[in-house]
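J.: I am attaching a structure below and will ask some questions about it afterwards.
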Amino acid sequence: MQVNVPAPTEEDIRAIVAPLASLEGPLLPMLHALQDSYGHVPQVAVPVLADVLNLGRAEVHGVISFYHDFRDAPAGRHVLRICRAEACQSMGSNTLAESTLSKLGIGWHDTTQNGAVTIEPVYCLGLCACAPAAMLDDRVVGRVDDARMDKLLSEAGA
Amino acid sequence: MKIYVPMDSAAKALGADEVADAIAAEARARGIEAWIIRNGTRGMIWLEPLVEIDQGQGRIGYGPVTPEDVPALLDGKLDSLGPVEEIPFFARQTRLTFARCGVIDPLDLDDYRAHGGLAGLRRAAAMPQPDIITEVTESGLRGRGGAGFPTGIKWKTVMEADAPQKYIVCNADEGDSGTFADRMIMEGDPFTLIEGMAIAGLGVGATKGYVYLRSEYPDAIRVMNEAVRIARQNGVLGLDVLGSGKAFDMEIRTGAGAYVCGEETSLLNSLEGKRGVVRAKPPLPALEGFLGRPTVVNNVISLATVPVIFEKGAQNYADLGIGRSRGTVTLQIAGNVRYGGLFETAFGVTLGEIVNEIGGGTASGRPVKAVQVGGPLGAYMPADKFDTPTGYEEFDQNGGLIGHAGLVVFDDSADMLRLARFAMEFCAVESCGKCTPCRIGAVRGVETLDRIAEGDMAATELLTDLCETMKDGSLCALGGFTPLPVMSALTHFPDDFACHKEAAE
C-alpha cells in the first residue's frame, strides 16, 4: 500500500495503461493495473481512460463503481477479508466477524484508526472445507478462531 | 527421497507453507537429500497439510502435519496414514477429471504428460471438427457449472456459426459458497484446463480463449498464468498446436469481485470491459458472445473433463452415471462436516451417503439439520430428502439443484430464518441491477423476512408471492433462484420461522 506518494499525473496514468491498449476488452486489466500501482483507482484516471478507450467518462465511472474490488481511495496498509458465505457461516463465521469488528471498534469496509488494517467482507474464498476462512492481503487462512484472528490482527499491526 | 507438500490454497490456509519450509530446513540440517515437490491437493482437506513421502515404494501419507512434527516425520517416527490412495475416502472415488490433481507437480509439463496429459489433445488434433463435437456429445458431458446444458450441443452451435473469429471462454468465476473444485483443478492440474480449452478451440474453430478467473483466487491466477506461459513455450498453445498446423492461444483475465459475473452473459460483458450486467437471451452467446462473436462459454470442470474424454473415449465416460447425468460428478463436501473435501464419483450416489457416510456427519458432532446443495442459489435439503440420488433431473424433481455440486452441511444450531434472510441480502448486494424483480425484490425480501422475524407470520404469504415474482420475472439465475434457498428453508423448517413469533409474543 502507498503512503504519501505524490498524486499521479495524466502522464503516469497513460504510461501504465498504454501497454494494455491492444488487449481485447482492456478496461478491467487497466483498472487492475492502476489499483496495483496506487492501491486505488485515482479519480484523475477517469478522463484518461475515457480518452484512451473512446468512452464517456460516465461509462468509465460506471464500470469502476460496479465492481467491489475497485477503490476510490487507498485501503489500510493491509486488507483483511473475512468470508461471510454459507459454508463459513455453518462454522461460526458470523460470531467471528462480529467479535472481530467489535474488538476493533469498526464496521465492514472500515480501516483501523492507525491505518493498519481495512476489514472487508468476502463471499467465498474456496476454503469451504476448512471454514471459517479469512485472507490477509494475499495470504489465506483456514479454520480461523478467535486466537488465530488475534494473531493475524497483531501481525498486521491492528 | 521425494516429499510432496501441497501448495493448494486450502493446504496453505492450514499451514502447508510453514511445513514445507520446516522440512527443507530440517533436511538441510541433517544433510538428507530430499526433493520437495509442491503438488496440488488430493482433496482430503481434513488431513491437510497432507505430506506424502516416496522412498521408491509408493507414496505414504502423513497428516495433518505441523512444523513441530517435521523431525519425527524425517525420523520415520510419525504415525502414517498408510498408502495415500488406500485411504478409504480416496479409494472409493472414480477419479477422471481429478486423476492427476495432488499426484503431479502442477507446473511440470513432463509430469503431466507422463500421467496421460496431452493424449486427448493429440487425438483431437488429428480429428476433423465434426468428429470432435460428436465425441463430446456422445460422452454425455453436461455443463458442470450449474445449468447442466449438454456441452456437445453448445459446441455444435458454435462450430456451425459462420464468423471470422470465434472464442472459447472459460467461466472460472467460482463464487458459490461450498464450491472449490475449479480452484483445486486450476491450482493442482492447470494443464488439463488448458488442454480442454485447446480441444474446444480445435473443435469449434476458435483460435482464441480466455479464462475469466475471480480475483478472490490469487494463487489460482498465478498458477494459471505460469501454466499458460509454459504451454505456449512448449507448443501446446500457439500457431501450431502440438504440430497440428492449427492455432489456439489463450489469456487469463482477472475479475473484480462481482458474484453476478459468474452468469455467462454478465461474464462476457465484464470481459469486454463493461459493467457486469446480464444480457437478455437470445441471442445466445454461442452465436453472439464475446465481442459479438460465436463463443463457447463453459465452466472450468466441464473443460477440464474434456481431455480425459478424448484420452479414454466418449463411451468410457458415458458408461458412468444415471439417467441423463453421465460421467462423474465432482462433489465438494463442505461446511460443518467431518471429512470435508473433494470427492469425484459417478452420478447416482445419494445425498445421505455423501453427507453421512463419505462426509462422516457434522464436524461439531451434532445432528445434521440441512444441506445446501448447489451454492447460495441452491435449496436447503432436509434429512428426509437424503435418499435423493445425484443427477440433474433427480435433484430437480426433489425441489433442488445440483449446480456446481457443492454441498454445505449445517448442524442443528443453524437458524434457517437467518439463512433465508442472508440469501436475500446476498442477492441484494450482488444484483447487477438490470431487472427489477432481482434488484428491488431482494431488498423487499430482506424487509419481509425481518417482519417474519418480528413475529408477523402473515408476511410469509407475501414472501411466497415475492419469491414467485422473482423466480418468474428475473433475467438470470441470481434473481431467479434466490427464492430456492428462501422457500426451501420456509417449507422444510417452518419451526424456525414460527418460533420467532412465539419469542415475539
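Each chain of the C-alpha cells is named A, B, ... in the order shown, its residues numbered from 1; ligands are numbered from 1 in display order.
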For chain A against chain B, which residues fall within 8 Å using only C-alpha atoms, given as an mmCIF file with N, CA and C atoms, in the first residue's frame?
T.:
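Written output follows (part.cif):
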```cif
data_model
loop_
_atom_site.group_PDB
_atom_site.id
_atom_site.type_symbol
_atom_site.label_atom_id
_atom_site.label_comp_id
_atom_site.auth_asym_id
_atom_site.auth_seq_id
_atom_site.Cartn_x
_atom_site.Cartn_y
_atom_site.Cartn_z
ATOM 1 N N GLU A 24 -8.063 -7.307 -26.109
ATOM 2 C CA GLU A 24 -9.497 -7.278 -26.401
ATOM 3 C C GLU A 24 -10.217 -7.062 -25.067
ATOM 4 N N GLY A 25 -10.979 -5.996 -24.958
ATOM 5 C CA GLY A 25 -11.638 -5.706 -23.686
ATOM 6 C C GLY A 25 -10.629 -5.259 -22.644
ATOM 7 N N PRO A 26 -9.953 -4.130 -22.852
ATOM 8 C CA PRO A 26 -8.814 -3.792 -21.994
ATOM 9 C C PRO A 26 -9.158 -3.073 -20.686
ATOM 10 N N LEU A 27 -10.408 -2.675 -20.475
ATOM 11 C CA LEU A 27 -10.663 -1.788 -19.336
ATOM 12 C C LEU A 27 -10.379 -2.425 -17.973
ATOM 13 N N LEU A 28 -10.846 -3.662 -17.753
ATOM 14 C CA LEU A 28 -10.595 -4.275 -16.446
ATOM 15 C C LEU A 28 -9.101 -4.482 -16.180
ATOM 16 N N PRO A 29 -8.353 -5.014 -17.154
ATOM 17 C CA PRO A 29 -6.902 -5.111 -16.914
ATOM 18 C C PRO A 29 -6.269 -3.747 -16.603
ATOM 19 N N GLY A 62 -18.983 4.271 -14.362
ATOM 20 C CA GLY A 62 -19.978 3.223 -14.154
ATOM 21 C C GLY A 62 -19.326 1.851 -13.992
ATOM 22 N N VAL A 63 -18.280 1.614 -14.747
ATOM 23 C CA VAL A 63 -17.580 0.330 -14.644
ATOM 24 C C VAL A 63 -16.832 0.252 -13.311
ATOM 25 N N PHE A 66 -19.127 -0.371 -10.414
ATOM 26 C CA PHE A 66 -19.888 -1.626 -10.440
ATOM 27 C C PHE A 66 -19.198 -2.723 -9.630
ATOM 28 N N TYR A 67 -17.875 -2.739 -9.669
ATOM 29 C CA TYR A 67 -17.123 -3.859 -9.103
ATOM 30 C C TYR A 67 -16.681 -3.583 -7.665
ATOM 31 N N HIS A 68 -16.837 -4.603 -6.821
ATOM 32 C CA HIS A 68 -16.478 -4.444 -5.407
ATOM 33 C C HIS A 68 -14.981 -4.188 -5.218
ATOM 34 N N ASP A 69 -14.163 -4.703 -6.125
ATOM 35 C CA ASP A 69 -12.712 -4.645 -5.906
ATOM 36 C C ASP A 69 -12.122 -3.236 -6.019
ATOM 37 N N PHE A 70 -12.693 -2.418 -6.878
ATOM 38 C CA PHE A 70 -12.022 -1.142 -7.172
ATOM 39 C C PHE A 70 -12.340 -0.088 -6.124
ATOM 40 N N ALA A 85 -19.797 -16.185 3.570
ATOM 41 C CA ALA A 85 -20.687 -17.080 2.827
ATOM 42 C C ALA A 85 -21.156 -18.249 3.700
ATOM 43 N N GLU A 86 -22.097 -19.022 3.144
ATOM 44 C CA GLU A 86 -22.814 -20.016 3.940
ATOM 45 C C GLU A 86 -21.912 -21.063 4.594
ATOM 46 N N ALA A 87 -20.913 -21.567 3.850
ATOM 47 C CA ALA A 87 -20.072 -22.627 4.422
ATOM 48 C C ALA A 87 -19.351 -22.099 5.658
ATOM 49 N N CYS A 88 -18.875 -20.875 5.570
ATOM 50 C CA CYS A 88 -18.197 -20.298 6.724
ATOM 51 C C CYS A 88 -19.197 -20.002 7.841
ATOM 52 N N GLN A 89 -20.411 -19.583 7.474
ATOM 53 C CA GLN A 89 -21.445 -19.367 8.492
ATOM 54 C C GLN A 89 -21.740 -20.648 9.262
ATOM 55 N N SER A 90 -21.720 -21.785 8.538
ATOM 56 C CA SER A 90 -22.032 -23.051 9.205
ATOM 57 C C SER A 90 -20.992 -23.403 10.264
ATOM 58 N N MET A 91 -19.841 -22.746 10.200
ATOM 59 C CA MET A 91 -18.787 -22.996 11.180
ATOM 60 C C MET A 91 -18.521 -21.761 12.050
ATOM 61 N N TYR A 123 -17.268 -13.044 -0.163
ATOM 62 C CA TYR A 123 -18.239 -14.123 -0.273
ATOM 63 C C TYR A 123 -17.579 -15.286 -0.985
ATOM 64 N N CYS A 124 -16.880 -16.064 -0.222
ATOM 65 C CA CYS A 124 -16.252 -17.316 -0.645
ATOM 66 C C CYS A 124 -14.818 -17.159 -1.147
ATOM 67 N N LEU A 125 -13.929 -17.837 -0.441
ATOM 68 C CA LEU A 125 -12.525 -17.913 -0.834
ATOM 69 C C LEU A 125 -12.194 -19.308 -1.350
ATOM 70 N N GLY A 126 -13.214 -20.150 -1.471
ATOM 71 C CA GLY A 126 -12.976 -21.529 -1.915
ATOM 72 C C GLY A 126 -12.300 -22.374 -0.846
ATOM 73 N N LEU A 127 -12.447 -21.947 0.405
ATOM 74 C CA LEU A 127 -11.850 -22.692 1.520
ATOM 75 C C LEU A 127 -12.962 -23.283 2.391
ATOM 76 N N CYS A 128 -14.021 -23.723 1.713
ATOM 77 C CA CYS A 128 -15.258 -24.097 2.378
ATOM 78 C C CYS A 128 -15.140 -25.374 3.200
ATOM 79 N N ALA A 129 -14.097 -26.181 2.932
ATOM 80 C CA ALA A 129 -13.917 -27.413 3.697
ATOM 81 C C ALA A 129 -12.985 -27.188 4.881
ATOM 82 N N CYS A 130 -12.485 -25.971 5.042
ATOM 83 C CA CYS A 130 -11.717 -25.644 6.252
ATOM 84 C C CYS A 130 -12.182 -24.287 6.767
ATOM 85 N N ALA A 131 -13.499 -24.164 6.865
ATOM 86 C CA ALA A 131 -14.126 -22.912 7.304
ATOM 87 C C ALA A 131 -14.032 -22.776 8.829
ATOM 88 N N ASP A 138 -2.751 -11.318 0.395
ATOM 89 C CA ASP A 138 -2.910 -12.479 -0.482
ATOM 90 C C ASP A 138 -2.762 -13.810 0.252
ATOM 91 N N ARG A 139 -2.644 -13.764 1.578
ATOM 92 C CA ARG A 139 -2.396 -14.992 2.330
ATOM 93 C C ARG A 139 -3.697 -15.541 2.907
ATOM 94 N N VAL A 140 -3.977 -16.811 2.588
ATOM 95 C CA VAL A 140 -5.226 -17.426 3.037
ATOM 96 C C VAL A 140 -5.039 -18.131 4.375
ATOM 97 N N VAL A 141 -6.101 -18.097 5.171
ATOM 98 C CA VAL A 141 -6.067 -18.756 6.475
ATOM 99 C C VAL A 141 -7.381 -19.510 6.667
ATOM 100 N N GLY A 142 -7.270 -20.752 7.088
ATOM 101 C CA GLY A 142 -8.455 -21.577 7.301
ATOM 102 C C GLY A 142 -8.675 -21.854 8.776
ATOM 103 N N ARG A 143 -9.864 -22.393 9.090
ATOM 104 C CA ARG A 143 -10.259 -22.703 10.472
ATOM 105 C C ARG A 143 -9.888 -21.581 11.426
#
```
J.: I need the residues in range 25-147 of chain A that are strand (DSSP E or B) according to DSSP; give them as a ChimeraX atom specification.
T.: /A:78-83,111,117-122,134-136,139-141
J.: Using C-alpha atoms, can you write the selected residues to a file as a compact mmCIF listing (two decimals), in the first residue's frame?
T.:
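Written out: again_22.txt:
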```
# COMPACT_ATOMS: atom_id res chain seq x y z
CA HIS A 78 -3.24 -4.42 4.97
CA VAL A 79 -6.61 -5.73 3.88
CA LEU A 80 -8.21 -8.46 5.94
CA ARG A 81 -11.09 -10.19 4.25
CA ILE A 82 -13.43 -12.33 6.32
CA CYS A 83 -15.67 -14.79 4.50
CA THR A 111 -9.97 0.92 8.41
CA VAL A 117 -5.98 -2.82 8.51
CA THR A 118 -9.10 -2.50 6.39
CA ILE A 119 -11.74 -5.14 7.03
CA GLU A 120 -13.71 -6.33 4.02
CA PRO A 121 -16.40 -8.96 3.71
CA VAL A 122 -15.78 -11.58 1.06
CA ALA A 134 -10.04 -15.30 6.00
CA MET A 135 -7.43 -13.73 3.77
CA LEU A 136 -4.81 -11.21 4.92
CA ARG A 139 -2.40 -14.99 2.33
CA VAL A 140 -5.23 -17.43 3.04
CA VAL A 141 -6.07 -18.76 6.47
```
J.: With a distance cut-off of 6 Å and only C-alpha atoms, select the neighbouring residues of Ile3 in chain B, excluding the residue or stretch itself and same-chain residues fewer than 6 positions from it, and output the selection as a list in words.
T.: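 Selected residues are Trp35, Ile36, Glu52 and Ile53 of chain B.
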J.: Write down as a list in words the residues belonging to range 52-122 of chain A that are assigned helix (DSSP H, G or I) by DSSP computed on the backbone.
T.: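 Filtering range 52-122 of chain A to helix (DSSP H, G or I) leaves Val52, Leu53, Arg57, Ala58, Glu59, Val60, His61, Gly62, Val63, Ile64, Ser65, Phe66, Glu86, Ala87, Cys88, Gln89, Ser93, Asn94, Thr95, Leu96, Ala97, Glu98, Ser99, Thr100, Leu101, Ser102, Lys103 and Leu104 of chain A.
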J.: I want to know what sits within 8 Å of range 45-54 of chain A, based on only C-alpha atoms, with residues of the same chain fewer than 4 positions away left out; could you give that as an NGL selection string?
T.: :A and (10 or 13-14 or 21 or 27 or 41 or 59-61)
J.: Show me, as number ranges by chain, the residues that have an atom within 7 Å of Val300 in chain B when counting only C-alpha atoms, minus same-chain residues fewer than 5 positions from it.
T.: B: 170-172, 182, 193
J.: If I take CA of Ile132 in chain B and CA of Val204 in chain B, how far is one from the other in Å, to one decimal?
T.: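 Computed distance, CA of Ile132 in chain B to CA of Val204 in chain B, equals 8.5 Å.
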J.: Give the answer as one residue: which of A:Val44, A:Leu31, A:Leu96, A:Val144 has the shortest atom-to-atom distance to Ile64 in chain A, using only C-alpha atoms?
T.: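 With only C-alpha atoms as the atom set, the closest residue is A:Leu31.
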J.: To one decimal place in Å, what is the distance between CA of Ala25 in chain B and CA of Gly82 in chain B?
T.: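 Distance reported for this atom pair: 24.8 Å.
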J.: What does the distance between CA of Glu226 in chain B and CA of Ala126 in chain B come to in Å, to one decimal place?
T.: 27.1 Å
J.: Name the closest residue to Ser37 in chain A among the candidates A:Pro74, A:Pro132, A:Gly56, A:Gly107; distances are taken between atoms, counting only C-alpha atoms.
T.: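 Distance minimum relative to Ser37 in chain A lands on A:Pro74.
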J.: List the spatial neighbours of Ala198 in chain B as a PyMOL selection string - criterion: any atom at most 9 Å away, only C-alpha atoms, same-chain residues fewer than 2 positions off excluded.
T.: chain B and resi 121+168+193-196+200-203+206-209+236-237+241+247-250
J.: Find the residues around Arg30 in chain B up to 12 Å (only C-alpha atoms counted), leave out those fewer than 5 positions away in its own chain, and share them as an MDAnalysis selection string.
T.: chainID B and resid 23:25 71 74:75
